[in-house]
file work-v7.cif (mmCIF, C-alpha atoms)
data_coords
#
loop_
_atom_site.label_atom_id
_atom_site.label_comp_id
_atom_site.auth_asym_id
_atom_site.auth_seq_id
_atom_site.Cartn_x
_atom_site.Cartn_y
_atom_site.Cartn_z
CA MET A 1 0.00 0.00 0.00
CA ILE A 2 1.08 3.56 -0.72
CA LEU A 3 0.17 6.14 1.93
CA GLU A 4 1.44 9.69 1.66
CA THR A 5 0.24 12.73 3.60
CA PHE A 6 1.62 16.19 2.86
CA PRO A 7 0.55 19.79 3.60
CA VAL A 8 -0.86 21.87 0.74
CA GLY A 9 -1.88 25.49 0.40
CA PRO A 10 -1.41 28.56 2.60
CA LEU A 11 -3.16 26.93 5.58
CA ALA A 12 -1.11 23.70 5.28
CA CYS A 13 -4.06 21.34 4.94
CA ASN A 14 -2.94 17.73 5.15
CA CYS A 15 -3.75 16.06 1.83
CA THR A 16 -3.60 12.25 1.83
CA LEU A 17 -2.90 10.00 -1.14
CA MET A 18 -3.59 6.28 -0.71
CA GLY A 19 -2.73 3.86 -3.47
CA ASP A 20 -2.92 0.19 -4.32
CA PRO A 21 0.00 -0.46 -6.70
CA GLU A 22 -1.29 -3.92 -7.63
CA ALA A 23 -4.64 -2.54 -8.77
CA GLY A 24 -3.09 0.65 -10.10
CA GLU A 25 -5.68 2.78 -8.30
CA ALA A 26 -5.66 5.57 -5.73
CA ILE A 27 -7.83 7.89 -3.71
CA VAL A 28 -7.00 11.44 -2.66
CA ILE A 29 -8.45 12.99 0.49
CA ASP A 30 -8.71 16.78 0.87
CA PRO A 31 -6.88 18.18 -2.18
CA GLY A 32 -7.24 21.74 -0.97
CA ASP A 33 -4.54 23.26 -3.15
CA GLU A 34 -1.37 22.48 -5.15
CA VAL A 35 -3.29 20.21 -7.50
CA ASP A 36 -0.49 20.09 -10.06
CA ARG A 37 1.76 18.61 -7.37
CA ILE A 38 -0.87 16.02 -6.41
CA TYR A 39 -1.48 15.08 -10.04
CA ARG A 40 2.25 14.83 -10.72
CA ARG A 41 2.63 12.43 -7.79
CA LEU A 42 -0.21 10.23 -9.06
CA THR A 43 1.48 10.15 -12.45
CA GLU A 44 4.87 9.29 -10.94
CA LEU A 45 3.28 6.39 -9.08
CA GLY A 46 1.37 5.21 -12.16
CA LEU A 47 -1.96 5.30 -10.35
CA LYS A 48 -5.45 6.05 -11.70
CA LEU A 49 -7.49 8.20 -9.33
CA LYS A 50 -10.67 6.42 -8.27
CA GLN A 51 -12.21 8.92 -5.82
CA ILE A 52 -11.70 12.43 -4.45
CA LEU A 53 -12.90 12.41 -0.84
CA ILE A 54 -13.55 15.68 1.01
CA THR A 55 -13.81 15.67 4.83
CA HIS A 56 -15.56 19.06 4.87
CA ALA A 57 -16.17 22.05 2.62
CA HIS A 58 -13.75 24.63 3.98
CA ILE A 59 -11.68 26.18 1.20
CA ASP A 60 -8.37 24.75 2.40
CA HIS A 61 -9.72 21.19 2.07
CA VAL A 62 -11.94 21.40 -1.02
CA GLY A 63 -10.38 24.22 -3.05
CA GLY A 64 -8.55 21.99 -5.53
CA ALA A 65 -11.12 19.22 -5.87
CA LEU A 66 -12.77 20.34 -9.11
CA LYS A 67 -9.42 20.96 -10.81
CA LEU A 68 -8.25 17.49 -9.78
CA LYS A 69 -11.50 15.99 -11.10
CA ARG A 70 -10.98 17.69 -14.45
CA LEU A 71 -7.45 16.32 -14.68
CA THR A 72 -8.35 12.74 -13.71
CA GLY A 73 -12.08 12.19 -14.25
CA ALA A 74 -12.46 10.97 -10.65
CA PRO A 75 -15.72 11.76 -8.84
CA ILE A 76 -15.88 14.14 -5.87
CA LEU A 77 -17.55 12.85 -2.69
CA LEU A 78 -18.68 15.31 0.01
CA ASN A 79 -21.35 15.24 2.70
CA GLU A 80 -24.30 17.27 1.42
CA ASN A 81 -24.76 19.02 4.78
CA ASP A 82 -21.78 21.16 3.75
CA LEU A 83 -23.35 22.36 0.48
CA PRO A 84 -24.09 25.79 2.04
CA LEU A 85 -20.36 26.17 2.78
CA LEU A 86 -19.49 25.11 -0.76
CA ALA A 87 -21.75 27.89 -2.02
CA MET A 88 -19.82 30.40 0.14
CA MET A 89 -16.46 29.87 -1.56
CA GLU A 90 -16.01 33.53 -2.48
CA THR A 91 -16.66 34.52 1.14
CA GLN A 92 -14.29 31.84 2.38
CA ALA A 93 -11.59 33.04 -0.01
CA GLY A 94 -12.03 36.53 1.44
CA TRP A 95 -11.36 35.20 4.94
CA ILE A 96 -7.82 34.26 4.00
CA GLY A 97 -7.18 36.67 1.14
CA MET A 98 -6.84 34.21 -1.71
CA GLU A 99 -8.38 33.83 -5.15
CA THR A 100 -11.74 32.07 -5.22
CA PRO A 101 -11.38 28.52 -6.58
CA GLU A 102 -14.02 27.12 -8.90
CA THR A 103 -16.20 24.47 -7.27
CA ALA A 104 -19.14 22.26 -8.24
CA PRO A 105 -21.65 20.11 -6.37
CA PRO A 106 -20.26 16.69 -5.42
CA ASP A 107 -20.92 13.62 -7.52
CA GLU A 108 -21.90 11.58 -4.46
CA ASN A 109 -23.00 12.28 -0.89
CA LEU A 110 -20.59 11.05 1.80
CA THR A 111 -23.34 9.70 4.04
CA ASP A 112 -22.70 8.10 7.42
CA GLY A 113 -21.79 4.44 7.05
CA LEU A 114 -20.99 4.65 3.33
CA ARG A 115 -18.17 2.38 2.17
CA VAL A 116 -15.56 4.26 0.14
CA GLY A 117 -11.90 3.95 -0.78
CA LEU A 118 -10.04 1.19 -2.57
CA ASP A 119 -11.21 -2.40 -2.93
CA ARG A 120 -8.32 -3.73 -0.84
CA TYR A 121 -8.30 -0.76 1.53
CA PRO A 122 -11.90 0.25 2.15
CA ALA A 123 -13.08 2.90 4.58
CA GLN A 124 -16.34 3.61 6.34
CA VAL A 125 -17.65 7.16 6.54
CA ILE A 126 -18.27 8.46 10.07
CA HIS A 127 -20.39 11.63 10.13
CA THR A 128 -18.91 13.90 12.82
CA PRO A 129 -20.70 17.27 12.73
CA GLY A 130 -19.42 20.12 14.86
CA HIS A 131 -16.53 21.73 12.99
CA THR A 132 -18.99 21.96 10.11
CA GLN A 133 -22.37 20.30 9.71
CA GLY A 134 -21.05 18.01 6.98
CA SER A 135 -17.74 17.06 8.58
CA VAL A 136 -16.84 13.40 8.19
CA CYS A 137 -13.99 11.12 9.24
CA LEU A 138 -12.86 8.11 7.20
CA HIS A 139 -12.17 4.91 9.16
CA PHE A 140 -9.95 2.36 7.45
CA ALA A 141 -10.59 -0.37 10.03
CA PRO A 142 -8.29 -3.07 8.56
CA LEU A 143 -5.45 -0.52 8.56
CA LYS A 144 -6.26 0.77 12.07
CA LEU A 145 -6.32 4.23 10.49
CA LEU A 146 -8.62 7.24 10.81
CA VAL A 147 -8.48 10.28 8.53
CA ALA A 148 -10.07 12.84 10.81
CA GLY A 149 -10.24 16.05 8.80
CA ASP A 150 -10.59 18.99 11.18
CA THR A 151 -12.65 17.12 13.78
CA LEU A 152 -9.78 15.89 15.96
CA PHE A 153 -6.20 17.14 16.28
CA GLU A 154 -3.22 16.26 18.43
CA GLY A 155 -4.15 17.81 21.76
CA SER A 156 -7.04 19.78 20.31
CA ILE A 157 -10.29 19.75 18.32
CA GLY A 158 -11.58 21.62 15.28
CA ARG A 159 -12.62 25.23 15.71
CA THR A 160 -16.35 25.84 16.05
CA ASP A 161 -16.60 29.62 15.64
CA LEU A 162 -17.20 29.62 11.88
CA GLN A 163 -20.53 29.11 10.09
CA GLY A 164 -21.91 25.64 10.83
CA GLY A 165 -19.70 25.11 13.86
CA ASN A 166 -21.04 23.90 17.20
CA PHE A 167 -18.85 23.16 20.21
CA ASP A 168 -21.21 20.78 22.02
CA GLN A 169 -21.83 18.94 18.76
CA ILE A 170 -18.15 18.35 17.97
CA ILE A 171 -17.47 17.10 21.49
CA ASN A 172 -20.41 14.71 21.18
CA SER A 173 -19.20 13.54 17.76
CA ILE A 174 -15.76 12.73 19.13
CA GLN A 175 -17.01 11.09 22.31
CA SER A 176 -19.80 9.05 20.74
CA ARG A 177 -18.13 8.11 17.45
CA LEU A 178 -14.35 8.43 17.52
CA LEU A 179 -13.51 7.40 21.07
CA LEU A 180 -15.24 4.09 20.39
CA LEU A 181 -12.35 3.17 18.10
CA PRO A 182 -9.40 1.13 19.40
CA ASP A 183 -6.69 3.08 21.22
CA GLU A 184 -4.07 2.01 18.69
CA THR A 185 -5.99 3.64 15.83
CA ARG A 186 -3.64 6.01 13.99
CA VAL A 187 -5.21 9.41 13.36
CA LEU A 188 -4.24 11.54 10.36
CA THR A 189 -5.42 15.04 11.22
CA GLY A 190 -6.44 17.85 8.89
CA HIS A 191 -3.52 20.02 10.00
CA GLY A 192 -0.37 19.30 11.96
CA PRO A 193 1.05 16.02 13.25
CA GLU A 194 -0.71 12.68 13.43
CA THR A 195 -1.76 11.11 16.71
CA THR A 196 -3.68 8.09 18.03
CA ILE A 197 -7.11 7.62 19.57
CA GLY A 198 -5.51 6.34 22.79
CA ARG A 199 -3.24 9.35 23.10
CA GLU A 200 -6.11 11.78 22.64
CA ARG A 201 -8.33 9.86 25.03
CA LYS A 202 -5.67 10.21 27.73
CA SER A 203 -4.22 13.66 27.15
CA ASN A 204 -6.47 15.82 24.98
CA PRO A 205 -7.64 18.63 27.32
CA PHE A 206 -10.98 18.87 25.52
CA LEU A 207 -11.67 15.19 26.17
CA SER A 208 -10.31 14.78 29.70
CA GLY A 209 -11.97 11.99 31.59
CA GLN A 210 -13.62 10.44 28.52
#

call {"tool": "encode", "arguments": {"input": "work-v7.cif", "output": "structure tokens"}}
result
Amino acid sequence: MILETFPVGPLACNCTLMGDPEAGEAIVIDPGDEVDRIYRRLTELGLKLKQILITHAHIDHVGGALKLKRLTGAPILLNENDLPLLAMMETQAGWIGMETPETAPPDENLTDGLRVGLDRYPAQVIHTPGHTQGSVCLHFAPLKLLVAGDTLFEGSIGRTDLQGGNFDQIINSIQSRLLLLPDETRVLTGHGPETTIGRERKSNPFLSGQ
């Protein structure tokens, strides 16, 4: 299996590329920016992009999705509860002073429980509203891996002061959905270093005593 995570764009969103070299297929999670770099890496690896998965519709995570779709033909999957945020892309661009990327409605709704990913490395969608109403995490159970978007960070949680954010909701999402996962589950966060469920259960100040 190929698994590469690297920061893209001015807000250093962690973009993840997962590939199956035997099948010659890949998925990309959160191509927020630097699409030419992402596409070049897919080409170097000789992989055909199967899906573009978006954990939530903030500009730093979704900004490059349509461009990547046009380059590869891969469908975009996003939870439809974040469609209002997708429609606010010009406003979002103004928040951080960047050019407004072109976007389009997703090809498929990332609903809770949906199976996505690669045939040999499937993931289950976990709907975790709170950072945004359409925030999702992707649980690759056989790999003991969680791609958490901006729901859970090392020692922190996603901000809830932007449109669609709700502090009580994100805490409930983490407690009722993510902390049920095994402690050894590796967590790839939307920004910054990776962590584990066990580490966050024990030391995350927002989750103390959970």

call {"tool": "atom_distance", "arguments": {"input": "work-v7.cif", "atom1": "atom CA of Leu162 of chain A", "atom2": "atom CA of Thr132 of chain A"}}
result
8.1 Å

call {"tool": "resolve_selection", "arguments": {"input": "work-v7.cif", "expression": "the PyMOL selection byres ((chain A and resi 18-31) around 10)", "output": "PDB file with C-alpha atoms, keeping the file's coordinate frame"}}
result
ATOM      1  CA  MET A   1       0.000   0.000   0.000  1.00  0.00           C
ATOM      2  CA  ILE A   2       1.080   3.560  -0.720  1.00  0.00           C
ATOM      3  CA  LEU A   3       0.170   6.140   1.930  1.00  0.00           C
ATOM      4  CA  GLU A   4       1.440   9.690   1.660  1.00  0.00           C
ATOM      5  CA  THR A   5       0.240  12.730   3.600  1.00  0.00           C
ATOM      6  CA  PRO A   7       0.550  19.790   3.600  1.00  0.00           C
ATOM      7  CA  VAL A   8      -0.860  21.870   0.740  1.00  0.00           C
ATOM      8  CA  GLY A   9      -1.880  25.490   0.400  1.00  0.00           C
ATOM      9  CA  CYS A  13      -4.060  21.340   4.940  1.00  0.00           C
ATOM     10  CA  ASN A  14      -2.940  17.730   5.150  1.00  0.00           C
ATOM     11  CA  CYS A  15      -3.750  16.060   1.830  1.00  0.00           C
ATOM     12  CA  THR A  16      -3.600  12.250   1.830  1.00  0.00           C
ATOM     13  CA  LEU A  17      -2.900  10.000  -1.140  1.00  0.00           C
ATOM     14  CA  GLY A  32      -7.240  21.740  -0.970  1.00  0.00           C
ATOM     15  CA  ASP A  33      -4.540  23.260  -3.150  1.00  0.00           C
ATOM     16  CA  GLU A  34      -1.370  22.480  -5.150  1.00  0.00           C
ATOM     17  CA  VAL A  35      -3.290  20.210  -7.500  1.00  0.00           C
ATOM     18  CA  ILE A  38      -0.870  16.020  -6.410  1.00  0.00           C
ATOM     19  CA  TYR A  39      -1.480  15.080 -10.040  1.00  0.00           C
ATOM     20  CA  LEU A  42      -0.210  10.230  -9.060  1.00  0.00           C
ATOM     21  CA  LEU A  45       3.280   6.390  -9.080  1.00  0.00           C
ATOM     22  CA  GLY A  46       1.370   5.210 -12.160  1.00  0.00           C
ATOM     23  CA  LEU A  47      -1.960   5.300 -10.350  1.00  0.00           C
ATOM     24  CA  LYS A  48      -5.450   6.050 -11.700  1.00  0.00           C
ATOM     25  CA  LEU A  49      -7.490   8.200  -9.330  1.00  0.00           C
ATOM     26  CA  LYS A  50     -10.670   6.420  -8.270  1.00  0.00           C
ATOM     27  CA  GLN A  51     -12.210   8.920  -5.820  1.00  0.00           C
ATOM     28  CA  ILE A  52     -11.700  12.430  -4.450  1.00  0.00           C
ATOM     29  CA  LEU A  53     -12.900  12.410  -0.840  1.00  0.00           C
ATOM     30  CA  ILE A  54     -13.550  15.680   1.010  1.00  0.00           C
ATOM     31  CA  THR A  55     -13.810  15.670   4.830  1.00  0.00           C
ATOM     32  CA  HIS A  56     -15.560  19.060   4.870  1.00  0.00           C
ATOM     33  CA  ALA A  57     -16.170  22.050   2.620  1.00  0.00           C
ATOM     34  CA  HIS A  58     -13.750  24.630   3.980  1.00  0.00           C
ATOM     35  CA  ILE A  59     -11.680  26.180   1.200  1.00  0.00           C
ATOM     36  CA  ASP A  60      -8.370  24.750   2.400  1.00  0.00           C
ATOM     37  CA  HIS A  61      -9.720  21.190   2.070  1.00  0.00           C
ATOM     38  CA  VAL A  62     -11.940  21.400  -1.020  1.00  0.00           C
ATOM     39  CA  GLY A  63     -10.380  24.220  -3.050  1.00  0.00           C
ATOM     40  CA  GLY A  64      -8.550  21.990  -5.530  1.00  0.00           C
ATOM     41  CA  ALA A  65     -11.120  19.220  -5.870  1.00  0.00           C
ATOM     42  CA  LEU A  66     -12.770  20.340  -9.110  1.00  0.00           C
ATOM     43  CA  LYS A  67      -9.420  20.960 -10.810  1.00  0.00           C
ATOM     44  CA  LEU A  68      -8.250  17.490  -9.780  1.00  0.00           C
ATOM     45  CA  ALA A  74     -12.460  10.970 -10.650  1.00  0.00           C
ATOM     46  CA  ILE A  76     -15.880  14.140  -5.870  1.00  0.00           C
ATOM     47  CA  LEU A  77     -17.550  12.850  -2.690  1.00  0.00           C
ATOM     48  CA  VAL A 116     -15.560   4.260   0.140  1.00  0.00           C
ATOM     49  CA  GLY A 117     -11.900   3.950  -0.780  1.00  0.00           C
ATOM     50  CA  LEU A 118     -10.040   1.190  -2.570  1.00  0.00           C
ATOM     51  CA  ASP A 119     -11.210  -2.400  -2.930  1.00  0.00           C
ATOM     52  CA  ARG A 120      -8.320  -3.730  -0.840  1.00  0.00           C
ATOM     53  CA  TYR A 121      -8.300  -0.760   1.530  1.00  0.00           C
ATOM     54  CA  LEU A 138     -12.860   8.110   7.200  1.00  0.00           C
ATOM     55  CA  VAL A 147      -8.480  10.280   8.530  1.00  0.00           C
ATOM     56  CA  GLY A 149     -10.240  16.050   8.800  1.00  0.00           C
ATOM     57  CA  GLY A 190      -6.440  17.850   8.890  1.00  0.00           C
TER      58      GLY A 190
END

call {"tool": "residues_around", "arguments": {"input": "work-v7.cif", "residues": "segment 101-115 of chain A", "least_positions_apart": "5", "cutoff": "7 Å", "atoms": "only C-alpha atoms", "output": "PyMOL selection string"}}
result
chain A and resi 63+66+75-80+122-127

call {"tool": "resolve_selection", "arguments": {"input": "work-v7.cif", "expression": "the PyMOL selection byres ((chain A and resi 170) around 12)", "output": "PyMOL selection string"}}
result
chain A and resi 127-136+150-152+156-161+164-169+171-178+206-207

call {"tool": "atom_distance", "arguments": {"input": "work-v7.cif", "atom1": "atom CA of Thr196 of chain A", "atom2": "atom CA of Glu154 of chain A"}}
result
8.2 Å

call {"tool": "closest_residue", "arguments": {"input": "work-v7.cif", "among": "A:Trp95, A:Phe153, A:Leu146, A:Pro84", "to": "Pro193 of chain A", "atoms": "only C-alpha atoms"}}
result
A:Phe153

call {"tool": "atom_distance", "arguments": {"input": "work-v7.cif", "atom1": "atom CA of Glu44 of chain A", "atom2": "atom CA of Thr185 of chain A"}}
result
29.4 Å

call {"tool": "axis_aligned_box", "arguments": {"input": "work-v7.cif", "around": "segment 49-53 of chain A", "padding_each_side": "8 Å", "output": "JSON"}}
result
{"center_x": -10.2, "center_y": 9.4, "center_z": -5.1, "size_x": 21.4, "size_y": 22.0, "size_z": 24.5}

call {"tool": "build_atoms", "arguments": {"input": "work-v7.cif", "residues": "segment 33-60 of chain A", "atoms": "N, CA and C atoms", "output": "PDB file, in the frame of the given file"}}
result
ATOM      1  N   ASP A  33      -5.329  22.353  -2.336  1.00  0.00           N
ATOM      2  CA  ASP A  33      -4.540  23.260  -3.150  1.00  0.00           C
ATOM      3  C   ASP A  33      -3.387  22.443  -3.760  1.00  0.00           C
ATOM      4  N   GLU A  34      -2.551  23.110  -4.546  1.00  0.00           N
ATOM      5  CA  GLU A  34      -1.370  22.480  -5.150  1.00  0.00           C
ATOM      6  C   GLU A  34      -1.736  21.228  -5.952  1.00  0.00           C
ATOM      7  N   VAL A  35      -2.766  21.362  -6.753  1.00  0.00           N
ATOM      8  CA  VAL A  35      -3.290  20.210  -7.500  1.00  0.00           C
ATOM      9  C   VAL A  35      -2.268  19.673  -8.499  1.00  0.00           C
ATOM     10  N   ASP A  36      -1.497  20.564  -9.113  1.00  0.00           N
ATOM     11  CA  ASP A  36      -0.490  20.090 -10.060  1.00  0.00           C
ATOM     12  C   ASP A  36       0.505  19.152  -9.382  1.00  0.00           C
ATOM     13  N   ARG A  37       0.865  19.470  -8.153  1.00  0.00           N
ATOM     14  CA  ARG A  37       1.760  18.610  -7.370  1.00  0.00           C
ATOM     15  C   ARG A  37       1.121  17.259  -7.087  1.00  0.00           C
ATOM     16  N   ILE A  38      -0.151  17.270  -6.704  1.00  0.00           N
ATOM     17  CA  ILE A  38      -0.870  16.020  -6.410  1.00  0.00           C
ATOM     18  C   ILE A  38      -0.965  15.162  -7.675  1.00  0.00           C
ATOM     19  N   TYR A  39      -1.336  15.808  -8.779  1.00  0.00           N
ATOM     20  CA  TYR A  39      -1.480  15.080 -10.040  1.00  0.00           C
ATOM     21  C   TYR A  39      -0.137  14.520 -10.507  1.00  0.00           C
ATOM     22  N   ARG A  40       0.910  15.297 -10.324  1.00  0.00           N
ATOM     23  CA  ARG A  40       2.250  14.830 -10.720  1.00  0.00           C
ATOM     24  C   ARG A  40       2.635  13.589  -9.913  1.00  0.00           C
ATOM     25  N   ARG A  41       2.296  13.587  -8.631  1.00  0.00           N
ATOM     26  CA  ARG A  41       2.630  12.430  -7.790  1.00  0.00           C
ATOM     27  C   ARG A  41       1.844  11.201  -8.234  1.00  0.00           C
ATOM     28  N   LEU A  42       0.577  11.359  -8.553  1.00  0.00           N
ATOM     29  CA  LEU A  42      -0.210  10.230  -9.060  1.00  0.00           C
ATOM     30  C   LEU A  42       0.412   9.673 -10.337  1.00  0.00           C
ATOM     31  N   THR A  43       0.856  10.572 -11.195  1.00  0.00           N
ATOM     32  CA  THR A  43       1.480  10.150 -12.450  1.00  0.00           C
ATOM     33  C   THR A  43       2.790   9.415 -12.202  1.00  0.00           C
ATOM     34  N   GLU A  44       3.603   9.940 -11.280  1.00  0.00           N
ATOM     35  CA  GLU A  44       4.870   9.290 -10.940  1.00  0.00           C
ATOM     36  C   GLU A  44       4.655   7.874 -10.425  1.00  0.00           C
ATOM     37  N   LEU A  45       3.577   7.693  -9.668  1.00  0.00           N
ATOM     38  CA  LEU A  45       3.280   6.390  -9.080  1.00  0.00           C
ATOM     39  C   LEU A  45       2.533   5.469 -10.053  1.00  0.00           C
ATOM     40  N   GLY A  46       2.097   6.010 -11.180  1.00  0.00           N
ATOM     41  CA  GLY A  46       1.370   5.210 -12.160  1.00  0.00           C
ATOM     42  C   GLY A  46       0.002   4.781 -11.693  1.00  0.00           C
ATOM     43  N   LEU A  47      -0.671   5.662 -10.940  1.00  0.00           N
ATOM     44  CA  LEU A  47      -1.960   5.300 -10.350  1.00  0.00           C
ATOM     45  C   LEU A  47      -3.100   6.089 -10.991  1.00  0.00           C
ATOM     46  N   LYS A  48      -4.223   5.415 -11.207  1.00  0.00           N
ATOM     47  CA  LYS A  48      -5.450   6.050 -11.700  1.00  0.00           C
ATOM     48  C   LYS A  48      -6.290   6.458 -10.495  1.00  0.00           C
ATOM     49  N   LEU A  49      -6.716   7.704 -10.467  1.00  0.00           N
ATOM     50  CA  LEU A  49      -7.490   8.200  -9.330  1.00  0.00           C
ATOM     51  C   LEU A  49      -8.922   7.686  -9.399  1.00  0.00           C
ATOM     52  N   LYS A  50      -9.348   7.029  -8.334  1.00  0.00           N
ATOM     53  CA  LYS A  50     -10.670   6.420  -8.270  1.00  0.00           C
ATOM     54  C   LYS A  50     -11.698   7.339  -7.613  1.00  0.00           C
ATOM     55  N   GLN A  51     -11.296   8.044  -6.546  1.00  0.00           N
ATOM     56  CA  GLN A  51     -12.210   8.920  -5.820  1.00  0.00           C
ATOM     57  C   GLN A  51     -11.459  10.112  -5.251  1.00  0.00           C
ATOM     58  N   ILE A  52     -12.167  11.242  -5.162  1.00  0.00           N
ATOM     59  CA  ILE A  52     -11.700  12.430  -4.450  1.00  0.00           C
ATOM     60  C   ILE A  52     -12.619  12.593  -3.256  1.00  0.00           C
ATOM     61  N   LEU A  53     -12.095  12.406  -2.064  1.00  0.00           N
ATOM     62  CA  LEU A  53     -12.900  12.410  -0.840  1.00  0.00           C
ATOM     63  C   LEU A  53     -12.615  13.691  -0.053  1.00  0.00           C
ATOM     64  N   ILE A  54     -13.677  14.393   0.330  1.00  0.00           N
ATOM     65  CA  ILE A  54     -13.550  15.680   1.010  1.00  0.00           C
ATOM     66  C   ILE A  54     -14.131  15.552   2.421  1.00  0.00           C
ATOM     67  N   THR A  55     -13.313  15.829   3.447  1.00  0.00           N
ATOM     68  CA  THR A  55     -13.810  15.670   4.830  1.00  0.00           C
ATOM     69  C   THR A  55     -14.765  16.782   5.230  1.00  0.00           C
ATOM     70  N   HIS A  56     -14.622  17.974   4.629  1.00  0.00           N
ATOM     71  CA  HIS A  56     -15.560  19.060   4.870  1.00  0.00           C
ATOM     72  C   HIS A  56     -15.280  20.170   3.862  1.00  0.00           C
ATOM     73  N   ALA A  57     -16.210  21.108   3.732  1.00  0.00           N
ATOM     74  CA  ALA A  57     -16.170  22.050   2.620  1.00  0.00           C
ATOM     75  C   ALA A  57     -15.528  23.394   2.944  1.00  0.00           C
ATOM     76  N   HIS A  58     -14.542  23.412   3.828  1.00  0.00           N
ATOM     77  CA  HIS A  58     -13.750  24.630   3.980  1.00  0.00           C
ATOM     78  C   HIS A  58     -12.761  24.718   2.817  1.00  0.00           C
ATOM     79  N   ILE A  59     -12.457  25.929   2.408  1.00  0.00           N
ATOM     80  CA  ILE A  59     -11.680  26.180   1.200  1.00  0.00           C
ATOM     81  C   ILE A  59     -10.342  25.466   1.197  1.00  0.00           C
ATOM     82  N   ASP A  60      -9.697  25.354   2.365  1.00  0.00           N
ATOM     83  CA  ASP A  60      -8.370  24.750   2.400  1.00  0.00           C
ATOM     84  C   ASP A  60      -8.398  23.245   2.205  1.00  0.00           C
TER      85      ASP A  60
END
